[in-house]
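S.K.: Structure below; questions to follow.
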Amino acid sequence: MEQFFVSLDKLARESHLTVAYTPKDLDQFKVYTAEVYRPGIMLAGYYQYFDRTRIQIIGLTELSYLNELDPEIRRTHLEKLFSFQPPAVILTRGFEPLPEMMEFAQKYGVPLLQSAEMTSPLMSSLIQALSTELAPRITRHGVLVEVYGEGILILGDSGVGKSETAIELVKRGHRLIADDAVELRKVSSSKIMGMAPENIRHFIELRGIGIINVARLFGIGAVKNSVEVEMVIELEAWDRTKNYDRTGLESNTYDILDVKVPSMLIPVMPGRNLAVILETAAINNRQKEMGYNAAQELLNRLGLQNDVSGF
């Protein structure tokens, strides 16, 4: 599987980190690991199993401990930390680096950064950013929109009406995330984030009109950079010989990087307002996520039994 990375410069900008020392531009440093580490046990002298690929975070606890150590022992442990050459060492709470930190950062070429944030919030934001940037990913031909807060991935053959439906949804107050190429990232075991490749972000192709910039045409409120994919809708030309689900009792899913996302197949034919149908699908999916299923309620009213608890 392809190994992804994020530049230290991008992390520093997004997390508002300042530079105490760097041997070269931060964009030349690459981070490959989504986890970060507080090296307290290492500073106490236990070096086994140390992961040199993780960003190291030094907060109040670590700094207080270092200040209580004998100067020679402190130098030994700090030199050992920097000798592993981690991607960066970050001091939280706006703390200034100890003289030994500056010395060994320069000796071993390790970026030394500072943050005004408390330690736990900084670690949380860094892990979230790293999880997104380093997540396994695939690209799918389709359209991604946000409808009533639900991220909907629209799939289907070319010419079936995906982009036209997206524009109608934008006109109705919803938001476009990606058209044509949708980048899907697995940021956790149950969560898929979708976004557009940066070079085509906010653009959409409409047959007969051409390329338009949705942000320029409809305003910045009509677009969004990313959204969690909570539903997949597949559009296909109406096949009169095919039986389509008419009750909503069937629970279908679409597999994206081993994450099963609720899905439905919608037939397309002249006269059907796909934008309204997708709006309804988004609201209905949210109701199911909150534990309500209209088809089940109807069955209960009719005195019929059918278990749709899998929704």
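Identifiers in this document derive from the order of the structure tokens: chains are assigned A, B, ..., residues are numbered from 1 separately in each chain, and ligands are numbered from 1 in order of occurrence.
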So which bits of range 162-305 of chain A end up helix (DSSP H, G or I) when you DSSP the backbone, as a PyMOL selection string?
M.R.: chain A and resi 162-171+198-200+214-218+220-222+274-289+294-301
S.K.: At a cut-off of 8 Å, using only C-alpha atoms, what residues contact Asn252 in chain A? Leave out same-chain residues fewer than 3 positions from it and give the result as a PyMOL selection string.
M.R.: chain A and resi 262-264
S.K.: Excluding Met193 in chain A and any residue of its chain fewer than 3 positions from it, enumerate the residues within 7 Å of it, using only C-alpha atoms, and give them as a list of chain:residue names.
M.R.: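 The residues satisfying every condition are A:Leu184, A:Arg185, A:Lys186, A:Val187, A:Ser226, A:Val227, A:Glu228, A:Val229.
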S.K.: I'd like the neighbourhood of Val160 in chain A as a JSON list (two decimals) with N, CA and C atoms, in the first residue's frame, where a residue qualifies if any of its atoms comes within 10 Å (using only C-alpha atoms), though same-chain residues fewer than 2 positions away should be ignored.
M.R.:
```json
[["chain", "number", "residue", "atom", "x", "y", "z"],
["A", 155, "LEU", "N", -22.99, 8.42, -7.33],
["A", 155, "LEU", "CA", -22.28, 7.63, -8.33],
["A", 155, "LEU", "C", -23.22, 7.32, -9.49],
["A", 156, "GLY", "N", -22.65, 6.91, -10.61],
["A", 156, "GLY", "CA", -23.43, 6.55, -11.78],
["A", 156, "GLY", "C", -22.64, 6.74, -13.05],
["A", 157, "ASP", "N", -23.16, 6.20, -14.14],
["A", 157, "ASP", "CA", -22.48, 6.31, -15.42],
["A", 157, "ASP", "C", -22.41, 7.76, -15.88],
["A", 158, "SER", "N", -21.46, 8.05, -16.75],
["A", 158, "SER", "CA", -21.35, 9.40, -17.33],
["A", 158, "SER", "C", -22.64, 9.75, -18.06],
["A", 162, "LYS", "N", -25.42, 13.38, -12.72],
["A", 162, "LYS", "CA", -24.83, 13.63, -11.40],
["A", 162, "LYS", "C", -24.52, 15.12, -11.19],
["A", 163, "SER", "N", -23.83, 15.72, -12.14],
["A", 163, "SER", "CA", -23.44, 17.13, -11.99],
["A", 163, "SER", "C", -24.65, 18.05, -12.02],
["A", 164, "GLU", "N", -25.62, 17.75, -12.89],
["A", 164, "GLU", "CA", -26.82, 18.58, -12.97],
["A", 164, "GLU", "C", -27.60, 18.52, -11.66],
["A", 165, "THR", "N", -27.65, 17.35, -11.05],
["A", 165, "THR", "CA", -28.32, 17.21, -9.76],
["A", 165, "THR", "C", -27.58, 18.02, -8.69],
["A", 235, "LEU", "N", -27.06, 6.43, -9.15],
["A", 235, "LEU", "CA", -28.07, 6.77, -10.15],
["A", 235, "LEU", "C", -27.90, 5.85, -11.36],
["A", 236, "GLU", "N", -29.02, 5.37, -11.89],
["A", 236, "GLU", "CA", -28.97, 4.57, -13.11],
["A", 236, "GLU", "C", -30.21, 4.85, -13.94],
["A", 237, "ALA", "N", -30.06, 4.70, -15.25],
["A", 237, "ALA", "CA", -31.21, 4.88, -16.14],
["A", 237, "ALA", "C", -32.30, 3.88, -15.79],
["A", 267, "PRO", "N", -33.46, 5.09, -9.66],
["A", 267, "PRO", "CA", -33.60, 5.10, -11.12],
["A", 267, "PRO", "C", -33.89, 6.50, -11.63],
["A", 268, "VAL", "N", -33.32, 6.83, -12.78],
["A", 268, "VAL", "CA", -33.46, 8.16, -13.37],
["A", 268, "VAL", "C", -34.34, 8.06, -14.61],
["A", 269, "MET", "N", -35.33, 8.93, -14.67],
["A", 269, "MET", "CA", -36.17, 9.00, -15.86],
["A", 269, "MET", "C", -36.68, 10.42, -15.99]]
```
S.K.: Go through range 131-298 of chain A and collect every residue that DSSP, computed from the backbone, puts in strand (DSSP E); the answer should be as an MDAnalysis selection string.
M.R.: chainID A and resid 137:147 150:156 175:188 191:195 203:206 210:213 226:237 252:256 259:268
S.K.: Which of these residues is nearest to Arg172 in chain A, using only C-alpha atoms: A:Ala275, A:Ile57, A:Ala215, A:Ala12?
M.R.: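 When distances to Arg172 in chain A are compared using only C-alpha atoms, the smallest one comes from A:Ala275.
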